[in-house]
Structure formats: C-alpha cells, structure tokens
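Enquirer: I'd like to ask you about the structure that follows.
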Amino acid sequence: MDSSVVSAIGISFHRWYREREFVNAIGQPRPLKLLGPSPSVEALVRRERPSIPAVTVAREMLRLRLVRRVRSGFCVPTGMHALISRMHPYIAEHLAHSVMRLLSTVQYNARTNAGGGTLIERYAHVPNLKRSQLQAFREFSNQQGEALIDTTNDWLESHRRLRSNKERKSNIEAGLHVFAYLGKSRIVQMRRKS
C-alpha cells in the first residue's frame with residue numbers, strides 16, 4: 001500500500017469536522033450515508049483518490065469503528081481523528097511511511113547546509129520520568145500534540161493545490177508527524193546474596 005489510503009481517511013475526517021457542508025449548526029459532524037454519491041463517507045474518501053476503491057475504504061472505516069451508525073444507513077465519526085486500535089494493514093502502512101519519512105528528513109537535513117533550509121526533527125526526552133507522572137505525561141503530550149497537529153493540518157489544507165493533471169508535477173507531499181513514547185522500565189531487580 002502507498003500512503004494514499006491512510007491519508008485519504010485522515011483528510012476525510014478533517015473535512016467532516018471543518019467544512020460547512022459536513023457540519024451542523026453547532027459545528028458537529030453531520031450524519032452521512034456510508035456509501036453512495038456525495039454527501040457520503042465514500043464520497044469524502046473518493047475526493048482524495050486513494051489507491052484502493054473508496055467504497056472499500058468506507059466499509060473498512062465502519063468495520064474498524066472509525067465511524068459508527070446512528071440511524072439506518074447514516075454514520076458519524078467516532079472521534080475527531082482516525083485512531084485504529086488494533087493491528088491492521090492500515091497500521092502497517094502508517095508505520096512504514098512514518099519510518100521512511102523520519103529517515104528521509106534526517107537524510108535531507110544532513111545534506112542541507114545549516115540554516116533555514118532544514119526540516120524540524122527534534123525530540124524531548126528524560127531518562128527518568130517519575131512513574132507517578134505517567135498519566136500526566138500522557139494527557140499533556142496528547143493535548144499539546146493534538147493542538148500542534150490540528151493547527152498544522154489546518155495550515156496544510158489551506159495551502160493545498162486543487163487536483164488537476166497538469167499541476168501534479170509541481171506538487172510535493174508535505175506533513176508533520178508527532179508521537180509520544182515510553183521506554184522500558186528501569187527498575188533493577190536486586191539479587192539476594194546467599
């Protein structure tokens with residue numbers, strides 16, 4: 001798989017939460033038909049031209065509980081972001097592309113002269129976070145990461161080119177990837193002296 005499937009799902013969620021035709025009067029995602037012409041989940045996905053049929057992606061979104069049925073034939077997203085909570089080919093695709101993008105950024109930065117031409121590639125780390133702060137770290141990193149991703153996503157969406165065949169050569173894929181991590185426990189087991 002290429003990155004077009006996961007990207008199409010993410011962009012579909014972005015549109016569903018932000019574009020006027022897909023939100024109700026209080027700004028919540030309107031229920032959409034799963035399949036069929038616009039407005040539907042399938043049509044949202046189809047706009048992004050994934051490498052597999054949009055109808056297949058829409059059905060898989062329901063199966064993965066990224067969307068849920070609210071009334072006969074209509075669905076809403078289960079959250080603002082597409083989070084797949086079990087192993088699936090979409091997760092493998094996401095992981096592979098994440099690693100490739102990180103390596104590409106590191107290589108690009110190594111070839112670029114120091115200065116404004118580099119891409120951000122940083123991390124924050126401590127080797128000894130208190131276990132009592134684990135949940136606070138999860139909440140803090142999720143909150144800050146969501147804010148950064150949402151702001152960046154809005155910026156990227158507002159600067160996209162409309163799709164056309166003659167402009168395709170002048171387009172470039174761009175994005176920002178954020179994740180938190182936890183290392184293995186550093187508890188050292190003491191051996192009893194005999």
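Letters A, B, ... go to the chains of the structure tokens in the order shown; residues in each chain start at 1; ligands are counted from 1 in the same order.
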To test your reading of the structure, identify every residue in chain A that backbone DSSP assigns to strand (DSSP E or B), and report it as a list in words.
Expert: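 DSSP-assigned strand (DSSP E or B) residues in chain A: Val23, Pro29, Leu32, Lys33, Ser40, Val67, Arg68, Arg69, Val70, Arg71, Phe74, Cys75, Val76 and Pro77 of chain A.
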Enquirer: For those residues, write N, CA, C and O atoms to a file as a short mmCIF file (atom, residue, chain, number, x, y, z; two decimals), in the first residue's frame.
Expert:
data_model
loop_
_atom_site.label_atom_id
_atom_site.label_comp_id
_atom_site.auth_asym_id
_atom_site.auth_seq_id
_atom_site.Cartn_x
_atom_site.Cartn_y
_atom_site.Cartn_z
N VAL A 23 -20.92 19.86 8.50
CA VAL A 23 -21.17 20.10 9.92
C VAL A 23 -22.56 20.71 10.11
O VAL A 23 -23.09 21.37 9.23
N PRO A 29 -20.10 17.09 13.34
CA PRO A 29 -20.20 16.40 12.05
C PRO A 29 -21.63 15.92 11.79
O PRO A 29 -22.25 15.31 12.67
N LEU A 32 -23.70 11.13 7.80
CA LEU A 32 -23.62 10.92 6.36
C LEU A 32 -23.93 9.47 6.02
O LEU A 32 -23.69 8.58 6.84
N LYS A 33 -24.43 9.24 4.83
CA LYS A 33 -24.58 7.87 4.34
C LYS A 33 -23.18 7.27 4.27
O LYS A 33 -22.21 7.98 4.02
N SER A 40 -21.50 11.61 1.37
CA SER A 40 -21.36 10.28 1.97
C SER A 40 -19.90 10.10 2.40
O SER A 40 -19.02 10.83 1.96
N VAL A 67 -15.98 5.04 12.17
CA VAL A 67 -17.30 5.64 12.06
C VAL A 67 -18.30 4.67 12.68
O VAL A 67 -18.04 3.47 12.75
N ARG A 68 -19.42 5.20 13.15
CA ARG A 68 -20.46 4.34 13.73
C ARG A 68 -21.81 4.76 13.16
O ARG A 68 -22.01 5.90 12.79
N ARG A 69 -22.70 3.79 13.10
CA ARG A 69 -24.05 4.06 12.59
C ARG A 69 -24.87 4.77 13.66
O ARG A 69 -24.81 4.42 14.83
N VAL A 70 -25.63 5.78 13.24
CA VAL A 70 -26.51 6.48 14.16
C VAL A 70 -27.98 6.28 13.79
O VAL A 70 -28.84 6.38 14.62
N ARG A 71 -28.25 6.01 12.56
CA ARG A 71 -29.58 5.63 12.11
C ARG A 71 -29.42 4.94 10.77
O ARG A 71 -28.34 4.97 10.18
N PHE A 74 -26.85 5.85 8.01
CA PHE A 74 -26.09 7.07 8.28
C PHE A 74 -25.03 6.81 9.35
O PHE A 74 -25.25 6.02 10.27
N CYS A 75 -23.90 7.51 9.22
CA CYS A 75 -22.77 7.32 10.13
C CYS A 75 -22.21 8.66 10.58
O CYS A 75 -22.38 9.68 9.90
N VAL A 76 -21.54 8.63 11.72
CA VAL A 76 -20.77 9.77 12.22
C VAL A 76 -19.39 9.25 12.62
O VAL A 76 -19.24 8.07 12.93
N PRO A 77 -18.38 10.12 12.63
CA PRO A 77 -17.06 9.67 13.09
C PRO A 77 -17.10 9.39 14.59
O PRO A 77 -17.83 10.03 15.33
#
Enquirer: When you look at range 78-81 of chain A with a cut-off of 9 Å (counting only C-alpha atoms), what residues show up, excluding the ones that are within fewer than 2 positions of it in the same chain? I need them as a VMD selection string.
Expert: chain A and resid 10 13 to 14 16 to 17 65 to 68 76 83
Enquirer: Identify which of the residues A:Ser141, A:Asn109, A:Ser12, A:Ser38 lies closest to Met61 in chain A, counting only C-alpha atoms when measuring atom-to-atom distances.
Expert: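 Checking each candidate against Met61 in chain A, we get A:Ser12 as the closest.
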Enquirer: Excluding Glu42 in chain A and any residue of its chain fewer than 6 positions from it, enumerate the residues within 10 Å of it, using only C-alpha atoms, and give them as a ChimeraX atom specification.
Expert: /A:12,32-36,53-59,61
Enquirer: Okay, now the selection with N, CA and C atoms, as an mmCIF file, in the first residue's frame?
Expert:
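The result, stored in selection.cif:
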data_model
loop_
_atom_site.group_PDB
_atom_site.id
_atom_site.type_symbol
_atom_site.label_atom_id
_atom_site.label_comp_id
_atom_site.auth_asym_id
_atom_site.auth_seq_id
_atom_site.Cartn_x
_atom_site.Cartn_y
_atom_site.Cartn_z
ATOM 1 N N SER A 12 -10.348 13.021 5.104
ATOM 2 C CA SER A 12 -11.811 12.919 5.159
ATOM 3 C C SER A 12 -12.330 13.338 6.534
ATOM 4 N N LEU A 32 -23.701 11.130 7.801
ATOM 5 C CA LEU A 32 -23.617 10.919 6.359
ATOM 6 C C LEU A 32 -23.932 9.472 6.024
ATOM 7 N N LYS A 33 -24.434 9.243 4.829
ATOM 8 C CA LYS A 33 -24.580 7.867 4.343
ATOM 9 C C LYS A 33 -23.180 7.266 4.268
ATOM 10 N N LEU A 34 -23.078 5.969 4.484
ATOM 11 C CA LEU A 34 -21.774 5.326 4.379
ATOM 12 C C LEU A 34 -21.340 5.292 2.917
ATOM 13 N N LEU A 35 -22.248 4.865 2.041
ATOM 14 C CA LEU A 35 -21.913 4.667 0.634
ATOM 15 C C LEU A 35 -22.786 5.535 -0.260
ATOM 16 N N GLY A 36 -22.302 5.752 -1.462
ATOM 17 C CA GLY A 36 -23.090 6.472 -2.452
ATOM 18 C C GLY A 36 -22.501 7.818 -2.800
ATOM 19 N N PRO A 53 -10.326 1.207 -3.984
ATOM 20 C CA PRO A 53 -11.638 1.843 -4.165
ATOM 21 C C PRO A 53 -12.168 2.486 -2.881
ATOM 22 N N ALA A 54 -12.732 3.670 -3.015
ATOM 23 C CA ALA A 54 -13.269 4.420 -1.873
ATOM 24 C C ALA A 54 -14.355 3.638 -1.152
ATOM 25 N N VAL A 55 -15.142 2.851 -1.875
ATOM 26 C CA VAL A 55 -16.192 2.056 -1.241
ATOM 27 C C VAL A 55 -15.573 1.043 -0.278
ATOM 28 N N THR A 56 -14.436 0.471 -0.649
ATOM 29 C CA THR A 56 -13.733 -0.487 0.217
ATOM 30 C C THR A 56 -13.220 0.214 1.471
ATOM 31 N N VAL A 57 -12.639 1.397 1.299
ATOM 32 C CA VAL A 57 -12.108 2.157 2.434
ATOM 33 C C VAL A 57 -13.249 2.548 3.377
ATOM 34 N N ALA A 58 -14.371 3.018 2.827
ATOM 35 C CA ALA A 58 -15.512 3.430 3.663
ATOM 36 C C ALA A 58 -16.039 2.251 4.478
ATOM 37 N N ARG A 59 -16.183 1.094 3.855
ATOM 38 C CA ARG A 59 -16.661 -0.098 4.588
ATOM 39 C C ARG A 59 -15.678 -0.494 5.688
ATOM 40 N N MET A 61 -13.674 1.521 7.258
ATOM 41 C CA MET A 61 -13.777 2.526 8.324
ATOM 42 C C MET A 61 -14.886 2.145 9.307
#
Enquirer: Can you work out which one of A:Val41, A:Ile11, A:Arg20, A:Val6 has the shortest atom-to-atom distance to Leu95 in chain A, counting only C-alpha atoms?
Expert: A:Val6
Enquirer: Using only C-alpha atoms, pick whichever of A:Tyr181, A:Arg46, A:Arg15, A:Leu148 has the shortest atom-to-atom distance to Ala124 in chain A.
Expert: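 Closest to Ala124 in chain A of all the choices is A:Tyr181.
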Enquirer: Write out as a ChimeraX atom specification which residues come within 12 Å of Phe179 in chain A when counting only C-alpha atoms, dropping same-chain ones fewer than 2 positions away.
Expert: /A:95,98-99,102,122-124,138,141-146,148-149,176-177,181-182
Enquirer: Put those residues in a file: N, CA, C and O atoms, as a CSV table (one decimal), in the first residue's frame.
Expert:
chain,number,residue,atom,x,y,z
A,95,LEU,N,2.9,2.9,9.8
A,95,LEU,CA,4.2,2.7,10.5
A,95,LEU,C,5.3,2.7,9.4
A,95,LEU,O,6.3,3.4,9.7
A,98,SER,N,5.8,6.3,8.3
A,98,SER,CA,6.4,7.1,9.3
A,98,SER,C,7.9,6.9,9.4
A,98,SER,O,8.6,7.9,9.5
A,99,VAL,N,8.3,5.7,9.4
A,99,VAL,CA,9.8,5.4,9.5
A,99,VAL,C,10.5,6.0,8.3
A,99,VAL,O,11.5,6.7,8.4
A,102,LEU,N,10.7,9.8,8.6
A,102,LEU,CA,11.7,10.2,9.5
A,102,LEU,C,13.1,10.1,8.9
A,102,LEU,O,13.9,11.0,9.0
A,122,ARG,N,13.2,17.0,15.9
A,122,ARG,CA,13.6,17.2,17.3
A,122,ARG,C,12.9,16.2,18.2
A,122,ARG,O,11.8,15.6,17.8
A,123,TYR,N,13.3,16.1,19.4
A,123,TYR,CA,12.6,15.3,20.4
A,123,TYR,C,12.9,15.8,21.8
A,123,TYR,O,13.9,16.5,22.0
A,124,ALA,N,11.9,15.6,22.7
A,124,ALA,CA,12.1,16.0,24.1
A,124,ALA,C,12.2,14.6,24.9
A,124,ALA,O,11.4,13.7,24.6
A,138,ARG,N,0.9,11.5,29.6
A,138,ARG,CA,0.0,11.1,28.5
A,138,ARG,C,-0.9,12.2,28.2
A,138,ARG,O,-1.1,12.6,27.0
A,141,SER,N,1.0,15.4,26.7
A,141,SER,CA,1.6,15.2,25.3
A,141,SER,C,0.4,15.0,24.3
A,141,SER,O,0.5,15.5,23.2
A,142,ASN,N,-0.7,14.3,24.7
A,142,ASN,CA,-1.8,14.2,23.8
A,142,ASN,C,-2.4,15.6,23.5
A,142,ASN,O,-2.7,15.9,22.4
A,143,GLN,N,-2.6,16.4,24.6
A,143,GLN,CA,-3.2,17.7,24.4
A,143,GLN,C,-2.3,18.6,23.5
A,143,GLN,O,-2.8,19.2,22.6
A,144,GLN,N,-1.0,18.7,23.8
A,144,GLN,CA,-0.1,19.5,23.0
A,144,GLN,C,0.0,19.0,21.6
A,144,GLN,O,0.1,19.8,20.7
A,145,GLY,N,0.2,17.7,21.5
A,145,GLY,CA,0.3,17.1,20.2
A,145,GLY,C,-0.9,17.3,19.3
A,145,GLY,O,-0.8,17.6,18.1
A,146,GLU,N,-2.1,17.1,19.9
A,146,GLU,CA,-3.3,17.4,19.1
A,146,GLU,C,-3.4,18.8,18.6
A,146,GLU,O,-3.8,19.1,17.5
A,148,LEU,N,-0.9,20.9,18.1
A,148,LEU,CA,0.1,21.1,17.0
A,148,LEU,C,-0.4,20.5,15.7
A,148,LEU,O,-0.3,21.1,14.6
A,149,ILE,N,-0.9,19.3,15.8
A,149,ILE,CA,-1.3,18.6,14.5
A,149,ILE,C,-2.5,19.3,13.9
A,149,ILE,O,-2.6,19.5,12.7
A,176,LEU,N,3.6,16.8,8.9
A,176,LEU,CA,4.3,16.8,10.2
A,176,LEU,C,3.8,15.5,11.0
A,176,LEU,O,2.7,15.2,11.0
A,177,HIS,N,4.8,14.8,11.6
A,177,HIS,CA,4.4,13.6,12.3
A,177,HIS,C,4.8,13.8,13.8
A,177,HIS,O,5.9,14.2,14.1
A,181,TYR,N,6.4,8.7,23.3
A,181,TYR,CA,6.9,7.3,23.5
A,181,TYR,C,7.2,7.1,25.0
A,181,TYR,O,7.4,8.1,25.7
A,182,LEU,N,7.2,5.9,25.4
A,182,LEU,CA,7.6,5.4,26.7
A,182,LEU,C,8.7,4.3,26.5
A,182,LEU,O,8.4,3.4,25.7
